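Only one structure is covered here, and it is reproduced in the block below.
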There are 2 protein chains.
Amino acid sequence: MSKGQTDRLSEQQQKSGGPKGIFGENAQIHEVSVTEATDEVFDKLKKAHPLLKFRHRTKIPKKEINDELNKIDSRLGKTLYVKNAKIKPDGGIIEVEDDKGKWRIILVVEAKHQGKDVENIQAGKKVGKNNDQDLMVAGNAIERVHKNINEIRNIMIKENHFPYVVFLQGSNFSTKTLDVLAPDGRCVKIKHDSGEMNRIDRVTAANYSMSINQNHCENIFIKKNGSYMMLQATSIYARCEPWKEEEMIEIMMQVAETSLSILSKQLSEN
Amino acid sequence: MSKGQTDRLSEQQQKSGGPKGIFGENAQIHEVSVTEATDEVFDKLKKAHPLLKFRHRTKIPKKEINDELNKIDSRLGKTLYVKNAKIKPDGGIIEVEDDKGKWRIILVVEAKHQGKDVENIQAGKKVGKNNDQDLMVAGNAIERVHKNINEIRNIMIKENHFPYVVFLQGSNFSTKTLDVLAPDGRCVKIKHDSGEMNRIDRVTAANYSMSINQNHCENIFIKKNGSYMMLQATSIYARCEPWKEEEMIEIMMQVAETSLSILSKQLSEN
């Protein structure tokens, strides 16, 4: 390990609170399920808005999405093969009841992990066919994330907000290059701009390659042939280290509050 | 096997041309790669429109998609981690040059196979953990299809057509229940409306659950708050048996010609 690498690693570890700080089992970071974080957000919303009625669902029947589409245009929402098909985002769906008794979606949350290279290197575990590589070539499973995004885009097609939050975590989602210390003293580099490692680009079609780690709940309208086109952008939060419960809650609260503010503006205009 | 089942199976096999007709290695159907079919479509288009200039690409750099988005609004198209990231639809992309020298996409093709239950049953091959099941519970890999669809939706955001064709094939995409004869004389049912078998519903978010096996190249505009909202719907072609080359070519030609007709209408209006 070069002097420069050692310094950089040391600095990185100090910033993140010690030698095991990047993460790993002993880290002071407790990764909790996004379901629990969403439960907490649901409680916080009820406390913050005692006059509003909220509900938290774990799934939406595909039939409900189809019915919503079909109301807009009779050509839409007609096809369903498995009658009880459902959409199940990891953190579920939070809704608020409007003044006409209709439930409006204000938060949908997914959490996806991909890439265990930091853990493997720190544990001295080699990977690959012959167990002789430090790094595992990244897979493409994350591309499945677009399916539920498109389903929720469809059910929210009449709304002016899109409160879809995806937390991406793992070495395949690192936004900076990391130096990780192996038990044998070597420093292994995890490059954030390598095609064999990074998979953030496989998700950004869902936010029109806008900035990541930002709340995009309020829809963007672009001009098109004298009319407007509405863009529904996913709020993508990506990094290598696990998201802490309080961080997830803060982000989700921001997005849910953005939804409420857009809805209340609409309701007061009507 | 009941009398009714035998009759139905016999009828089905007669319709599809004999005992091996549903499909299988001996069937008279030759499944060709969608790449070859697209090459053929490229040649046919050149012959049909000798005054137009076409090109056939196998991939689009993600940077090109981002640049297109960024031209529309400076907030869009900013994020790219892997500089040479590319989108590679199975059948590639066919474009036509417009009167300003700009290449316009007129066809994008993907072909996805999932579910080998017919082949397994016909071969007498049992599946599952203990090799004792006739049917394999369907996987979810097909959900990845939405990623490239969303990428092409983005690069075509200014267009009024969306010439994206997906050919789905396999027991997970059957549009009707099938009775398949096993070598031991049993008739095994493959249900098209079972949640353990059918995966068409995992794709239909990409066409707003409109009808499948139909050309949806021409975009739909729906009213929204006094303005219009454009829907880009994928043309999803799904069935259990393999698509024949001539069938794929016919469908692709229809979609490409729809693109040309929409583009030429636009160009003559300008």
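Chain labels follow the order of the structure tokens: the first chain is A, the next B, and so on; residue numbering restarts at 1 in every chain, and ligands are counted from 1 in their shown order.
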
Sorted per-residue table, chain B near chain A, closest atoms and distance, 8 Å, only C-alpha atoms, as JSON lines:
{"residue": "B:Asn66", "atom": "CA", "partner": "A:Ser209", "partner_atom": "CA", "distance": 6.6}
{"residue": "B:Leu69", "atom": "CA", "partner": "A:Tyr208", "partner_atom": "CA", "distance": 7.1}
{"residue": "B:Ile72", "atom": "CA", "partner": "A:Ile222", "partner_atom": "CA", "distance": 7.4}
{"residue": "B:Asp73", "atom": "CA", "partner": "A:Ile222", "partner_atom": "CA", "distance": 7.5}
{"residue": "B:Arg75", "atom": "CA", "partner": "A:Met210", "partner_atom": "CA", "distance": 6.0}
{"residue": "B:Leu76", "atom": "CA", "partner": "A:Met210", "partner_atom": "CA", "distance": 4.8}
{"residue": "B:Gly77", "atom": "CA", "partner": "A:Ser209", "partner_atom": "CA", "distance": 4.5}
{"residue": "B:Lys78", "atom": "CA", "partner": "A:Met210", "partner_atom": "CA", "distance": 5.5}
{"residue": "B:Thr79", "atom": "CA", "partner": "A:Ser209", "partner_atom": "CA", "distance": 4.9}
{"residue": "B:Leu80", "atom": "CA", "partner": "A:Asp201", "partner_atom": "CA", "distance": 6.1}
{"residue": "B:Tyr81", "atom": "CA", "partner": "A:Asp193", "partner_atom": "CA", "distance": 5.1}
{"residue": "B:Val82", "atom": "CA", "partner": "A:Asp193", "partner_atom": "CA", "distance": 4.9}
{"residue": "B:Lys83", "atom": "CA", "partner": "A:Asp193", "partner_atom": "CA", "distance": 7.3}
{"residue": "B:Asn84", "atom": "CA", "partner": "A:Gly195", "partner_atom": "CA", "distance": 7.9}
{"residue": "B:Ala85", "atom": "CA", "partner": "A:Gly195", "partner_atom": "CA", "distance": 7.1}
{"residue": "B:Ala141", "atom": "CA", "partner": "A:Arg144", "partner_atom": "CA", "distance": 7.3}
{"residue": "B:Ile142", "atom": "CA", "partner": "A:Arg144", "partner_atom": "CA", "distance": 7.9}
{"residue": "B:Glu143", "atom": "CA", "partner": "A:Arg144", "partner_atom": "CA", "distance": 4.8}
{"residue": "B:Arg144", "atom": "CA", "partner": "A:Arg144", "partner_atom": "CA", "distance": 4.4}
{"residue": "B:Val145", "atom": "CA", "partner": "A:Arg144", "partner_atom": "CA", "distance": 7.7}
{"residue": "B:His146", "atom": "CA", "partner": "A:His146", "partner_atom": "CA", "distance": 5.6}
{"residue": "B:Lys147", "atom": "CA", "partner": "A:Glu143", "partner_atom": "CA", "distance": 5.8}
{"residue": "B:Asn150", "atom": "CA", "partner": "A:Ala205", "partner_atom": "CA", "distance": 5.7}
{"residue": "B:Glu151", "atom": "CA", "partner": "A:Ala205", "partner_atom": "CA", "distance": 5.3}
{"residue": "B:Asn154", "atom": "CA", "partner": "A:Tyr208", "partner_atom": "CA", "distance": 6.7}
{"residue": "B:Lys158", "atom": "CA", "partner": "A:Lys224", "partner_atom": "CA", "distance": 6.6}
{"residue": "B:Thr175", "atom": "CA", "partner": "A:Tyr81", "partner_atom": "CA", "distance": 8.0}
{"residue": "B:His192", "atom": "CA", "partner": "A:Tyr81", "partner_atom": "CA", "distance": 7.0}
{"residue": "B:Asp193", "atom": "CA", "partner": "A:Val82", "partner_atom": "CA", "distance": 4.9}
{"residue": "B:Ser194", "atom": "CA", "partner": "A:Val82", "partner_atom": "CA", "distance": 5.8}
{"residue": "B:Gly195", "atom": "CA", "partner": "A:Val82", "partner_atom": "CA", "distance": 5.6}
{"residue": "B:Asn198", "atom": "CA", "partner": "A:Val82", "partner_atom": "CA", "distance": 7.0}
{"residue": "B:Ile200", "atom": "CA", "partner": "A:Tyr81", "partner_atom": "CA", "distance": 7.0}
{"residue": "B:Asp201", "atom": "CA", "partner": "A:Leu80", "partner_atom": "CA", "distance": 6.1}
{"residue": "B:Arg202", "atom": "CA", "partner": "A:Lys147", "partner_atom": "CA", "distance": 7.1}
{"residue": "B:Val203", "atom": "CA", "partner": "A:Lys147", "partner_atom": "CA", "distance": 7.4}
{"residue": "B:Thr204", "atom": "CA", "partner": "A:Thr79", "partner_atom": "CA", "distance": 7.6}
{"residue": "B:Ala205", "atom": "CA", "partner": "A:Glu151", "partner_atom": "CA", "distance": 5.3}
{"residue": "B:Ala206", "atom": "CA", "partner": "A:Asn150", "partner_atom": "CA", "distance": 6.9}
{"residue": "B:Tyr208", "atom": "CA", "partner": "A:Leu76", "partner_atom": "CA", "distance": 5.7}
{"residue": "B:Ser209", "atom": "CA", "partner": "A:Gly77", "partner_atom": "CA", "distance": 4.5}
{"residue": "B:Met210", "atom": "CA", "partner": "A:Leu76", "partner_atom": "CA", "distance": 4.8}
{"residue": "B:Ser211", "atom": "CA", "partner": "A:Thr79", "partner_atom": "CA", "distance": 6.0}
{"residue": "B:Ile212", "atom": "CA", "partner": "A:Thr79", "partner_atom": "CA", "distance": 7.6}
{"residue": "B:Ile222", "atom": "CA", "partner": "A:Ile72", "partner_atom": "CA", "distance": 7.4}
{"residue": "B:Lys224", "atom": "CA", "partner": "A:Lys158", "partner_atom": "CA", "distance": 6.7}
{"residue": "B:Ser227", "atom": "CA", "partner": "A:Ser227", "partner_atom": "CA", "distance": 6.3}
{"residue": "B:Tyr228", "atom": "CA", "partner": "A:Tyr228", "partner_atom": "CA", "distance": 6.2}
{"residue": "B:Met229", "atom": "CA", "partner": "A:Met229", "partner_atom": "CA", "distance": 5.4}
{"residue": "B:Met230", "atom": "CA", "partner": "A:Met229", "partner_atom": "CA", "distance": 6.3}

Checklist entry - Can you tell me, as a list in words, what residues are no more than 6 Å from segment 88-105 of chain B when counting only C-alpha atoms, ignoring any on the same chain fewer than 2 positions away? => result Val34, Thr35, Thr38, Lys53, Phe54, Arg55, His56, Arg57, Thr58, Lys59, Leu107, Val108, Val109 and Glu110 of chain B

Next on the checklist: Let's see if you can do this: from backbone DSSP, list all strand (DSSP E or B) residues in segment 57-263 of chain A, as a VMD selection string.
Outcome noted: chain A and resid 57 60 to 61 86 to 87 93 to 97 103 to 113 127 133 161 164 to 169 178 to 181 187 to 190 218 220 to 224 227 to 231 235 to 239

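From atom CA of His113 of chain B back to atom CA of Glu241 of chain B, the distance works out to 10.0 Å.
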